[in-house]
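Colleague: Got input-v9.csv for you, CSV, C-alpha atoms:
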```csv
chain,number,residue,atom,x,y,z
A,119,MET,CA,0.0,0.0,0.0
A,120,LYS,CA,1.4,3.4,-1.0
A,121,VAL,CA,1.7,6.0,1.8
A,122,TYR,CA,1.2,9.6,0.7
A,123,HIS,CA,3.0,12.4,2.6
A,124,LEU,CA,0.6,14.7,4.4
A,125,PRO,CA,1.5,17.9,2.3
A,126,ILE,CA,0.8,16.0,-0.9
A,127,LEU,CA,-2.5,14.8,0.5
A,128,ARG,CA,-3.4,18.3,1.5
A,129,GLN,CA,-2.8,19.5,-2.0
A,130,VAL,CA,-4.9,16.8,-3.5
A,131,LEU,CA,-7.8,17.6,-1.1
A,132,ASN,CA,-7.4,21.3,-1.9
A,133,LEU,CA,-8.2,20.8,-5.6
A,134,PRO,CA,-12.0,20.1,-5.2
A,135,LEU,CA,-12.3,23.0,-2.7
A,136,LYS,CA,-10.7,25.4,-5.3
A,137,LEU,CA,-12.9,24.1,-8.1
A,138,ILE,CA,-16.1,24.7,-6.1
A,139,PHE,CA,-14.9,28.2,-5.2
A,140,LEU,CA,-14.1,29.0,-8.9
A,141,LEU,CA,-17.4,27.6,-10.1
A,142,GLU,CA,-19.2,29.9,-7.6
A,143,LEU,CA,-17.3,32.9,-9.0
A,144,ALA,CA,-18.2,32.0,-12.6
A,145,GLY,CA,-21.8,31.0,-11.8
A,146,THR,CA,-23.7,33.1,-14.3
A,147,ALA,CA,-24.4,32.5,-18.0
A,148,LYS,CA,-22.8,35.9,-19.0
A,149,LYS,CA,-19.6,35.1,-17.2
A,150,LEU,CA,-19.4,31.6,-18.6
A,151,ARG,CA,-19.9,33.0,-22.1
A,152,LEU,CA,-17.0,35.5,-21.6
A,153,ILE,CA,-14.8,32.7,-20.3
A,154,LEU,CA,-15.6,30.5,-23.3
A,155,ALA,CA,-14.9,33.4,-25.7
A,156,HIS,CA,-11.6,34.0,-24.0
A,157,CYS,CA,-10.7,30.3,-24.5
A,158,ALA,CA,-11.7,30.5,-28.1
A,159,ARG,CA,-9.4,33.5,-28.7
A,160,LYS,CA,-6.5,31.8,-26.9
A,161,THR,CA,-7.0,28.7,-29.1
A,162,ALA,CA,-6.9,30.8,-32.2
A,163,ARG,CA,-3.7,32.4,-30.8
A,164,LEU,CA,-5.3,35.9,-30.6
A,165,CYS,CA,-4.4,38.4,-27.9
A,166,SER,CA,-6.6,37.6,-24.9
A,167,PRO,CA,-5.0,38.1,-21.4
A,168,SER,CA,-6.6,36.1,-18.7
A,169,ALA,CA,-6.8,38.9,-16.2
A,170,ALA,CA,-6.4,42.7,-15.8
A,171,THR,CA,-5.8,44.8,-12.7
A,172,ILE,CA,-7.1,48.4,-12.9
A,173,ALA,CA,-5.6,50.6,-10.3
A,174,VAL,CA,-8.3,53.2,-9.9
A,175,THR,CA,-6.5,55.6,-7.5
A,176,GLY,CA,-3.0,56.2,-6.1
A,177,ARG,CA,-4.4,57.2,-2.7
A,178,CYS,CA,-4.2,54.8,0.2
A,179,ASN,CA,-5.1,55.1,3.8
A,180,PHE,CA,-2.5,52.6,5.0
A,181,ASN,CA,1.2,52.7,5.3
A,182,CYS,CA,2.2,49.0,4.9
A,183,ARG,CA,5.8,48.0,5.2
A,184,HIS,CA,5.8,45.8,2.1
A,185,CYS,CA,4.0,48.2,-0.3
A,186,ALA,CA,5.1,47.3,-3.8
A,187,VAL,CA,3.8,50.4,-5.6
A,188,ASP,CA,5.0,53.0,-3.1
A,189,GLY,CA,7.4,54.7,-5.5
A,190,SER,CA,4.7,55.4,-8.1
A,191,ARG,CA,1.6,55.8,-6.0
A,192,ALA,CA,1.9,59.5,-5.0
A,193,GLU,CA,1.8,60.8,-8.6
A,194,ALA,CA,-0.7,58.2,-9.9
A,195,GLY,CA,-3.8,60.4,-9.6
A,196,GLU,CA,-7.3,58.9,-10.0
A,197,LEU,CA,-9.1,57.2,-12.9
A,198,ALA,CA,-12.2,59.0,-14.2
A,199,LEU,CA,-15.3,57.0,-14.6
A,200,ARG,CA,-15.5,57.6,-18.4
A,201,ASP,CA,-11.9,56.4,-18.7
A,202,ALA,CA,-12.7,53.3,-16.7
A,203,GLU,CA,-15.6,52.7,-19.2
A,204,LYS,CA,-13.2,52.8,-22.2
A,205,ILE,CA,-10.8,50.4,-20.5
A,206,LEU,CA,-13.5,48.0,-19.8
A,207,ARG,CA,-14.8,48.2,-23.4
A,208,ASP,CA,-11.3,47.4,-24.6
A,209,LEU,CA,-10.9,44.5,-22.2
A,210,GLU,CA,-14.3,43.2,-23.3
A,211,SER,CA,-13.2,43.2,-26.9
A,212,LEU,CA,-10.2,41.2,-26.0
A,213,LYS,CA,-12.4,38.8,-24.0
A,214,VAL,CA,-10.5,39.2,-20.7
A,215,PRO,CA,-12.6,37.2,-18.2
A,216,ARG,CA,-11.3,38.6,-14.9
A,217,VAL,CA,-10.9,42.2,-13.7
A,218,TYR,CA,-9.3,43.3,-10.5
A,219,PHE,CA,-10.0,46.8,-9.1
A,220,GLY,CA,-7.0,47.9,-7.0
A,221,GLY,CA,-5.1,51.0,-6.0
A,222,GLY,CA,-3.9,52.5,-3.7
A,223,GLU,CA,-7.1,51.7,-1.9
A,224,PRO,CA,-9.9,51.4,-4.4
A,225,LEU,CA,-12.6,52.1,-1.9
A,226,LEU,CA,-11.3,55.7,-1.6
A,227,HIS,CA,-12.5,56.3,-5.2
A,228,PRO,CA,-16.0,57.9,-5.1
A,229,ASP,CA,-17.1,56.0,-8.3
A,230,ILE,CA,-15.8,52.5,-7.4
A,231,ALA,CA,-19.3,51.0,-7.2
A,232,GLY,CA,-20.2,52.4,-10.5
A,233,MET,CA,-17.0,51.0,-12.1
A,234,ILE,CA,-17.7,47.6,-10.6
A,235,GLY,CA,-21.3,47.8,-11.9
A,236,MET,CA,-20.1,48.5,-15.4
A,237,ALA,CA,-17.7,45.6,-15.3
A,238,SER,CA,-20.2,43.2,-13.9
A,239,GLY,CA,-22.8,44.2,-16.5
A,240,LYS,CA,-20.3,43.2,-19.2
A,241,GLY,CA,-19.9,39.7,-17.7
A,242,PHE,CA,-16.4,40.1,-16.1
A,243,ILE,CA,-15.6,38.2,-13.0
A,244,THR,CA,-14.9,41.2,-10.7
A,245,PHE,CA,-12.5,41.4,-7.8
A,246,LEU,CA,-11.9,44.2,-5.3
A,247,GLU,CA,-8.3,44.4,-3.9
A,248,THR,CA,-8.8,46.2,-0.5
A,249,ASN,CA,-7.1,46.6,2.8
A,250,GLY,CA,-10.6,46.4,4.3
A,251,TYR,CA,-10.7,49.5,6.5
A,252,LEU,CA,-13.5,51.2,4.7
A,253,LEU,CA,-15.3,47.8,4.2
A,254,ALA,CA,-16.2,47.7,7.9
A,255,ASP,CA,-19.4,49.6,7.0
A,256,GLU,CA,-22.5,47.7,6.2
A,257,THR,CA,-23.7,50.3,3.6
A,258,VAL,CA,-20.4,49.9,1.7
A,259,VAL,CA,-20.7,46.1,1.6
A,260,GLN,CA,-24.3,46.4,0.5
A,261,SER,CA,-23.4,48.8,-2.3
A,262,LEU,CA,-20.7,46.5,-3.6
A,263,LYS,CA,-23.0,43.5,-3.5
A,264,ALA,CA,-25.7,45.5,-5.4
A,265,ALA,CA,-23.1,46.5,-8.0
A,266,GLY,CA,-22.5,42.8,-8.8
A,267,LEU,CA,-19.0,42.4,-7.3
A,268,SER,CA,-17.9,38.8,-7.6
A,269,CYS,CA,-15.3,38.7,-4.8
A,270,VAL,CA,-13.5,40.8,-2.2
A,271,CYS,CA,-9.8,40.2,-1.9
A,272,LEU,CA,-9.1,41.4,1.7
A,273,SER,CA,-5.5,41.8,3.0
A,274,LEU,CA,-4.7,40.4,6.4
A,275,HIS,CA,-1.2,40.9,7.7
A,276,ALA,CA,-1.3,39.1,11.1
A,277,ALA,CA,-3.7,37.2,13.4
A,278,SER,CA,-3.4,39.7,16.3
A,279,LYS,CA,-4.3,43.4,16.8
A,280,ASN,CA,-0.8,44.6,17.7
A,281,GLU,CA,1.0,42.8,14.9
A,282,HIS,CA,-1.5,43.8,12.2
A,283,ASP,CA,-1.9,47.4,13.3
A,284,GLY,CA,1.9,47.8,13.6
A,285,PHE,CA,2.5,46.4,10.1
A,286,CYS,CA,0.2,48.7,8.3
A,287,GLY,CA,0.7,51.7,10.6
A,288,ILE,CA,-3.0,52.2,11.3
A,289,PRO,CA,-4.4,51.8,14.9
A,290,GLY,CA,-7.7,49.9,14.9
A,291,SER,CA,-7.3,48.4,11.4
A,292,PHE,CA,-7.3,44.8,12.6
A,293,GLU,CA,-10.7,45.2,14.2
A,294,ARG,CA,-12.1,46.9,11.1
A,295,VAL,CA,-10.7,44.2,8.8
A,296,THR,CA,-12.1,41.3,10.8
A,297,ARG,CA,-15.4,43.2,11.0
A,298,ALA,CA,-15.3,43.6,7.2
A,299,LEU,CA,-15.0,39.8,6.9
A,300,GLU,CA,-18.1,39.3,9.0
A,301,LEU,CA,-20.1,41.8,7.0
A,302,CYS,CA,-19.1,40.1,3.7
A,303,LEU,CA,-20.3,36.8,5.1
A,304,LYS,CA,-23.6,38.3,6.3
A,305,HIS,CA,-24.4,39.7,2.9
A,306,GLY,CA,-23.2,36.7,0.9
A,307,LEU,CA,-20.2,38.4,-0.7
A,308,LEU,CA,-17.4,36.0,-1.5
A,309,THR,CA,-14.2,36.9,0.2
A,310,VAL,CA,-10.6,35.8,-0.3
A,311,VAL,CA,-8.2,36.6,2.5
A,312,SER,CA,-4.9,37.6,0.9
A,313,VAL,CA,-1.7,37.1,2.9
A,314,VAL,CA,1.8,38.2,1.9
A,315,ALA,CA,3.8,35.1,3.1
A,316,THR,CA,7.0,36.7,4.5
A,317,LYS,CA,9.8,34.6,5.8
A,318,ARG,CA,8.9,35.6,9.4
A,319,LEU,CA,5.2,34.7,9.1
A,320,ILE,CA,6.2,31.2,7.7
A,321,GLU,CA,8.9,30.5,10.3
A,322,ASP,CA,6.9,31.7,13.3
A,323,GLY,CA,3.8,29.8,12.3
A,324,VAL,CA,1.7,32.9,12.0
A,325,ILE,CA,0.1,32.0,8.7
A,326,ALA,CA,-1.6,29.0,10.3
A,327,ASP,CA,-3.1,31.4,12.8
A,328,ILE,CA,-4.3,33.8,10.0
A,329,ILE,CA,-5.9,30.9,8.2
A,330,SER,CA,-7.7,29.8,11.3
A,331,LEU,CA,-9.0,33.3,11.9
A,332,ALA,CA,-10.0,33.7,8.3
A,333,ARG,CA,-12.0,30.5,8.5
A,334,ALA,CA,-13.7,31.5,11.7
A,335,LYS,CA,-14.7,34.8,10.3
A,336,GLY,CA,-16.3,33.3,7.1
A,337,ALA,CA,-13.7,33.7,4.4
A,338,GLY,CA,-14.3,31.7,1.3
A,339,ALA,CA,-10.7,31.1,0.3
A,340,LEU,CA,-7.1,32.0,1.1
A,341,ARG,CA,-4.5,33.5,-1.3
A,342,LEU,CA,-0.8,33.3,-0.4
A,343,THR,CA,1.5,35.7,-2.3
A,344,ALA,CA,5.2,36.2,-2.1
A,345,PRO,CA,6.8,39.4,-1.0
A,346,HIS,CA,8.8,41.0,-3.9
A,347,SER,CA,11.8,43.3,-4.0
A,348,ALA,CA,9.9,46.4,-5.2
A,349,GLY,CA,8.5,49.6,-3.8
A,350,ARG,CA,9.0,50.0,-0.1
A,351,TRP,CA,10.8,46.7,0.2
A,352,LEU,CA,13.2,47.3,-2.7
A,353,ASP,CA,16.4,47.2,-0.6
A,354,PHE,CA,15.8,45.0,2.4
A,355,LEU,CA,13.6,42.1,1.4
A,356,GLU,CA,14.4,38.5,2.7
A,357,PRO,CA,13.7,36.2,-0.3
A,358,ILE,CA,11.5,33.2,0.2
A,359,GLY,CA,13.5,30.0,-0.2
A,360,ALA,CA,12.7,26.4,-1.1
A,361,LYS,CA,12.5,25.5,2.6
A,362,ASP,CA,9.9,28.2,3.2
A,363,ILE,CA,7.8,27.1,0.2
A,364,SER,CA,8.0,23.5,1.5
A,365,GLY,CA,6.9,24.7,4.9
A,366,LEU,CA,3.8,26.4,3.4
A,367,THR,CA,2.5,23.1,2.1
A,368,SER,CA,2.5,21.6,5.6
A,369,ILE,CA,0.2,24.3,7.0
A,370,PRO,CA,-3.3,23.1,7.6
A,371,SER,CA,-6.0,25.0,5.6
A,372,PHE,CA,-8.9,24.3,8.0
A,373,GLY,CA,-11.1,23.4,5.0
A,374,LEU,CA,-10.4,26.7,3.1
A,375,PRO,CA,-9.4,26.4,-0.5
A,376,VAL,CA,-5.8,27.8,-0.8
A,377,PHE,CA,-4.5,29.6,-3.9
A,378,ASN,CA,-0.8,29.4,-3.3
A,379,ARG,CA,1.0,32.1,-5.5
A,380,VAL,CA,4.2,32.1,-3.6
A,381,SER,CA,6.1,29.9,-6.0
A,382,ILE,CA,5.1,31.1,-9.5
A,383,PRO,CA,6.3,28.6,-12.1
A,384,ARG,CA,6.2,31.0,-15.0
A,385,CYS,CA,6.3,34.8,-15.5
A,386,SER,CA,2.8,36.0,-16.5
A,387,ILE,CA,3.9,39.0,-18.5
A,388,GLY,CA,1.3,39.6,-21.3
A,389,SER,CA,-1.2,37.1,-19.9
A,390,THR,CA,-2.0,39.5,-17.1
A,391,LEU,CA,-2.2,43.3,-17.3
A,392,TYR,CA,-1.7,46.1,-14.9
A,393,ILE,CA,-3.2,49.5,-15.7
A,394,ASN,CA,-2.4,52.5,-13.5
A,395,PRO,CA,-4.8,55.4,-12.7
A,396,ARG,CA,-3.5,57.4,-15.6
A,397,GLY,CA,-4.1,54.6,-18.1
A,398,GLU,CA,-0.5,53.5,-18.4
A,399,LEU,CA,-0.1,49.8,-19.1
A,400,GLN,CA,2.6,48.1,-17.1
A,401,PRO,CA,3.8,44.5,-17.2
A,402,CYS,CA,2.7,44.1,-13.6
A,403,GLU,CA,2.5,46.3,-10.5
A,404,PHE,CA,6.0,45.3,-9.5
A,405,ILE,CA,7.7,46.4,-12.7
A,406,PRO,CA,7.5,50.2,-13.0
A,407,TYR,CA,7.7,50.6,-16.8
A,408,SER,CA,4.9,51.7,-19.0
A,409,PHE,CA,4.6,50.4,-22.6
A,410,GLY,CA,1.7,52.7,-23.6
A,411,ASN,CA,-1.4,54.5,-22.5
A,412,VAL,CA,-4.6,52.6,-23.1
A,413,LEU,CA,-6.7,55.8,-23.0
A,414,THR,CA,-5.0,57.0,-26.2
A,415,ASP,CA,-3.7,53.9,-28.0
A,416,GLY,CA,-4.9,50.5,-28.9
A,417,MET,CA,-4.7,48.0,-26.0
A,418,ASP,CA,-3.8,45.0,-28.2
A,419,GLN,CA,-1.1,47.0,-29.9
A,420,ILE,CA,0.5,48.0,-26.6
A,421,ILE,CA,0.4,44.4,-25.4
A,422,CYS,CA,2.1,43.1,-28.6
A,423,GLY,CA,4.7,45.8,-28.2
A,424,MET,CA,5.4,44.9,-24.6
A,425,ARG,CA,5.7,41.2,-25.5
A,426,ALA,CA,8.2,42.0,-28.2
A,427,SER,CA,10.3,44.3,-26.0
A,428,PRO,CA,13.9,43.3,-25.3
A,429,MET,CA,12.9,43.4,-21.6
A,430,PHE,CA,10.6,40.3,-22.2
A,431,LYS,CA,11.4,38.9,-25.6
A,432,SER,CA,13.7,36.1,-24.2
A,433,GLU,CA,12.4,32.8,-22.9
A,434,LYS,CA,10.1,33.1,-20.0
A,435,PRO,CA,12.0,32.6,-16.7
A,436,ALA,CA,11.1,29.9,-14.3
A,437,LYS,CA,10.1,32.4,-11.7
A,438,CYS,CA,8.7,35.9,-11.3
A,439,ARG,CA,11.0,38.4,-13.2
A,440,ILE,CA,11.1,40.9,-10.4
A,441,ASP,CA,12.9,38.2,-8.3
A,442,ASP,CA,15.4,37.4,-11.0
A,443,THR,CA,18.7,38.8,-10.0
A,444,GLU,CA,19.9,39.8,-13.5
A,445,PHE,CA,16.6,41.4,-14.4
A,446,HIS,CA,16.5,43.3,-11.2
A,447,ARG,CA,20.1,44.5,-11.7
A,448,LYS,CA,19.4,45.6,-15.2
A,449,TYR,CA,16.0,47.2,-15.0
A,450,ILE,CA,15.0,47.9,-11.3
A,451,SER,CA,18.1,48.8,-9.3
A,452,GLY,CA,18.9,52.5,-9.3
A,453,LEU,CA,15.5,53.7,-10.5
A,454,ALA,CA,14.5,57.0,-8.9
A,455,THR,CA,11.6,56.8,-6.5
A,456,GLY,CA,9.6,59.5,-8.2
A,457,GLY,CA,8.3,59.8,-11.7
A,458,LEU,CA,7.3,56.2,-12.1
A,459,PRO,CA,6.4,54.3,-14.1
A,460,VAL,CA,9.2,54.9,-16.6
A,461,LYS,CA,7.7,55.4,-20.1
A,462,VAL,CA,9.4,53.2,-22.7
A,463,TYR,CA,7.2,54.4,-25.6
A,464,LYS,CA,7.2,57.6,-27.7
```
Output the file's structure in the form of structure tokens.
Modeller:
Amino acid sequence: MKVYHLPILRQVLNLPLKLIFLLELAGTAKKLRLILAHCARKTARLCSPSAATIAVTGRCNFNCRHCAVDGSRAEAGELALRDAEKILRDLESLKVPRVYFGGGEPLLHPDIAGMIGMASGKGFITFLETNGYLLADETVVQSLKAAGLSCVCLSLHAASKNEHDGFCGIPGSFERVTRALELCLKHGLLTVVSVVATKRLIEDGVIADIISLARAKGAGALRLTAPHSAGRWLDFLEPIGAKDISGLTSIPSFGLPVFNRVSIPRCSIGSTLYINPRGELQPCEFIPYSFGNVLTDGMDQIICGMRASPMFKSEKPAKCRIDDTEFHRKYISGLATGGLPVKVYK
């Protein structure tokens, strides 16, 4: 009889939980049609990214230690509703199935519910990337639910008040984030708890405590992401090693589906998009270069130009480019903190 190691068994059991969660996200006919149209374009080898993040504002009410967009946030401005409508039309034409609304803190944007409503009406699976502080308000949760938001991605940095509040620099934030989780559960709004898996959180066993708390508060899933050498953590980041990644697989999930994005097998440049509040299209939020402005130029042309750039034309690396030593030395180190992203187009 073959004996399976516990981490492998946990991964196997995690698959049906993830599938159920994903089916719930894509549970309407309009969303399914967009997903099928995306698959058809991919099969025909046409441009059709799998996801796009729209940063709607550069403003943020937190001061997190690991902020990856700190260098470009202050000058990013705010996306107008009419510009968001144009971006969504272009994404719809490319049959992009998933749209993430981020920032800064997207709930600081006065028209965020309207943007989500437009995206939901077009059949996108919509996500809100939030720190949760402003979500601890029942009227806000109700407005997002009414707008058709598919899922809240809620950042949680620790399992205790002192640790969490100290990390993001905002007293009372832990209580508001956990309250936001409870309100999302009350109003039937799917919620993913997003955790940046730092070396310390892994080694001290804090992630297991966060998972337990998320489960108790009604979270629908957990997303683990890796810290990256960007923004505020550009110079003093401790990289996640193989031992840390192995340790993550042994952490119990308490019945929550876990989307582990710590060890990314392939760079996703071109298959995912990041659009800042001024309409500049970047490879991702961690790489502060713009290859064009989607408010004035064709989105598909910008994506093709980005893919053909010497920065990304080589074989895809076996890990996230921002963590590649040579890429970091050549393109990231020495960048000024202001005036980002750097424009690489005329």
Colleague: In terms of the shortest atom-to-atom distance over all atoms listed in the file, which of A:Arg216, A:Lys437, A:Arg350, A:Lys464 is closest to Thr390 in chain A?
Modeller: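 Distance minimum relative to Thr390 in chain A lands on A:Arg216.
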Colleague: So the first atom is CA of Leu197 in chain A and the second is CA of Thr175 in chain A; what is the distance between them in Å, to one decimal place?
Modeller: 6.2 Å
Colleague: Can you measure CA of Phe245 in chain A to CA of Gly176 in chain A for me? One decimal in Å is fine.
Modeller: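 The value is 17.7 Å.
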Colleague: If the box runs along x, y and z of the file and leaves 4 Å on each side of range 210-219 of chain A, what are its centre and edge lengths in Å, one decimal, as AutoDock Vina command-line options?
Modeller:
```
--center_x -11.8 --center_y 42.0 --center_z -18.0 --size_x 13.0 --size_y 17.6 --size_z 25.8
```
Colleague: Out of A:Cys182, A:Val376, A:Ala170, A:Ala198, which residue has the shortest atom-to-atom distance to Glu210 in chain A when counting only C-alpha atoms?
Modeller: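 Closest to Glu210 in chain A of all the choices is A:Ala170.
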Colleague: Any idea what the distance is between CA of Asp322 in chain A and CA of Leu133 in chain A?
Modeller: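 Here the two named atoms are 26.5 Å from each other.
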Colleague: Restricting the calculation to all atoms listed in the file: of A:Val259, A:Ala155, A:Ala231, A:Leu226, which residue gets closest to Ser211 in chain A?
Modeller: A:Ala155
Colleague: Find the residues near Gln260 in chain A: any atom within 12 Å, counting all atoms listed in the file, skip ones fewer than 3 places away on the same chain, and give them as a list in words.
Modeller: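 Residues meeting the cut-off are Ala231, Leu253, Ala254, Asp255, Glu256, Thr257, Lys263, Ala264, Ala265, Gly266, Leu267, Ala298, Leu301, Cys302, Leu303, Lys304, His305, Gly306 and Leu307 of chain A.
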Colleague: For each of A:Pro375, A:Pro401, A:Gly452, A:Gly232, take the minimum atom-to-atom distance to Ala332 in chain A, counting all atoms listed in the file, then give the residue where this is smallest.
Modeller: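 Closest to Ala332 in chain A, using all atoms listed in the file: A:Pro375.
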Colleague: Show me, as a short mmCIF file (atom, residue, chain, number, x, y, z; two decimals) with C-alpha atoms, keeping the file's coordinate frame, the residues that have an atom within 12 Å of Thr146 in chain A when counting all atoms listed in the file, minus same-chain residues fewer than 6 positions from it.
Modeller:
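Contents of selection_0.cif, as written:
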```cif
data_model
loop_
_atom_site.label_atom_id
_atom_site.label_comp_id
_atom_site.auth_asym_id
_atom_site.auth_seq_id
_atom_site.Cartn_x
_atom_site.Cartn_y
_atom_site.Cartn_z
CA LEU A 140 -14.10 29.00 -8.90
CA LEU A 152 -17.00 35.50 -21.60
CA ILE A 153 -14.80 32.70 -20.30
CA SER A 238 -20.20 43.20 -13.90
CA GLY A 239 -22.80 44.20 -16.50
CA LYS A 240 -20.30 43.20 -19.20
CA GLY A 241 -19.90 39.70 -17.70
CA PHE A 242 -16.40 40.10 -16.10
CA ILE A 243 -15.60 38.20 -13.00
CA GLY A 266 -22.50 42.80 -8.80
CA SER A 268 -17.90 38.80 -7.60
#
```
Colleague: Considering all atoms listed in the file, state which residue in the set A:Cys286, A:Ala277, A:Cys157, A:Leu209 is at the smallest distance from Gly323 in chain A.
Modeller: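 For Gly323 in chain A, the nearest of the given residues is A:Ala277.
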Colleague: Between A:Lys361, A:His346, A:Arg294, A:Lys448, which has the minimum distance to Glu321 in chain A (counting all atoms listed in the file)?
Modeller: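 Comparing A:Lys361, A:His346, A:Arg294, A:Lys448 against Glu321 in chain A, the winner is A:Lys361.
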Colleague: Would you mind listing what lies within 12 Å of Cys178 in chain A as a PyMOL selection string, with only C-alpha atoms counted and same-chain residues fewer than 2 positions away left out?
Modeller: chain A and resi 173-176+180-182+185+187-188+191-192+194-196+220-227+247-252+286-288
Colleague: For the residues selected in the previous step, produce a file with C-alpha atoms as a tab-separated table (two decimals), in the frame of the given file.
Modeller:
```
chain	number	residue	atom	x	y	z
A	173	ALA	CA	-5.60	50.60	-10.30
A	174	VAL	CA	-8.30	53.20	-9.90
A	175	THR	CA	-6.50	55.60	-7.50
A	176	GLY	CA	-3.00	56.20	-6.10
A	180	PHE	CA	-2.50	52.60	5.00
A	181	ASN	CA	1.20	52.70	5.30
A	182	CYS	CA	2.20	49.00	4.90
A	185	CYS	CA	4.00	48.20	-0.30
A	187	VAL	CA	3.80	50.40	-5.60
A	188	ASP	CA	5.00	53.00	-3.10
A	191	ARG	CA	1.60	55.80	-6.00
A	192	ALA	CA	1.90	59.50	-5.00
A	194	ALA	CA	-0.70	58.20	-9.90
A	195	GLY	CA	-3.80	60.40	-9.60
A	196	GLU	CA	-7.30	58.90	-10.00
A	220	GLY	CA	-7.00	47.90	-7.00
A	221	GLY	CA	-5.10	51.00	-6.00
A	222	GLY	CA	-3.90	52.50	-3.70
A	223	GLU	CA	-7.10	51.70	-1.90
A	224	PRO	CA	-9.90	51.40	-4.40
A	225	LEU	CA	-12.60	52.10	-1.90
A	226	LEU	CA	-11.30	55.70	-1.60
A	227	HIS	CA	-12.50	56.30	-5.20
A	247	GLU	CA	-8.30	44.40	-3.90
A	248	THR	CA	-8.80	46.20	-0.50
A	249	ASN	CA	-7.10	46.60	2.80
A	250	GLY	CA	-10.60	46.40	4.30
A	251	TYR	CA	-10.70	49.50	6.50
A	252	LEU	CA	-13.50	51.20	4.70
A	286	CYS	CA	0.20	48.70	8.30
A	287	GLY	CA	0.70	51.70	10.60
A	288	ILE	CA	-3.00	52.20	11.30
```
Colleague: Within 12 Å of (-7.4, 26.0, -9.0), in the coordinates the file gives, what residues turn up when you count all atoms listed in the file, written out as a ChimeraX atom specification?
Modeller: /A:129-141,339-341,375-379
Colleague: Counting only C-alpha atoms, what is within 10 Å of Ile440 in chain A, bar same-chain residues fewer than 2 positions away, as a VMD selection string?
Modeller: chain A and resid 346 to 348 385 402 404 to 405 437 to 438 442 to 447 449 to 450
Colleague: Just C-alpha atoms for this one: save the residues we selected as a compact mmCIF listing (two decimals), keeping the file's coordinate frame.
Modeller:
```txt
# COMPACT_ATOMS: atom_id res chain seq x y z
CA HIS A 346 8.80 41.00 -3.90
CA SER A 347 11.80 43.30 -4.00
CA ALA A 348 9.90 46.40 -5.20
CA CYS A 385 6.30 34.80 -15.50
CA CYS A 402 2.70 44.10 -13.60
CA PHE A 404 6.00 45.30 -9.50
CA ILE A 405 7.70 46.40 -12.70
CA LYS A 437 10.10 32.40 -11.70
CA CYS A 438 8.70 35.90 -11.30
CA ASP A 442 15.40 37.40 -11.00
CA THR A 443 18.70 38.80 -10.00
CA GLU A 444 19.90 39.80 -13.50
CA PHE A 445 16.60 41.40 -14.40
CA HIS A 446 16.50 43.30 -11.20
CA ARG A 447 20.10 44.50 -11.70
CA TYR A 449 16.00 47.20 -15.00
CA ILE A 450 15.00 47.90 -11.30
```
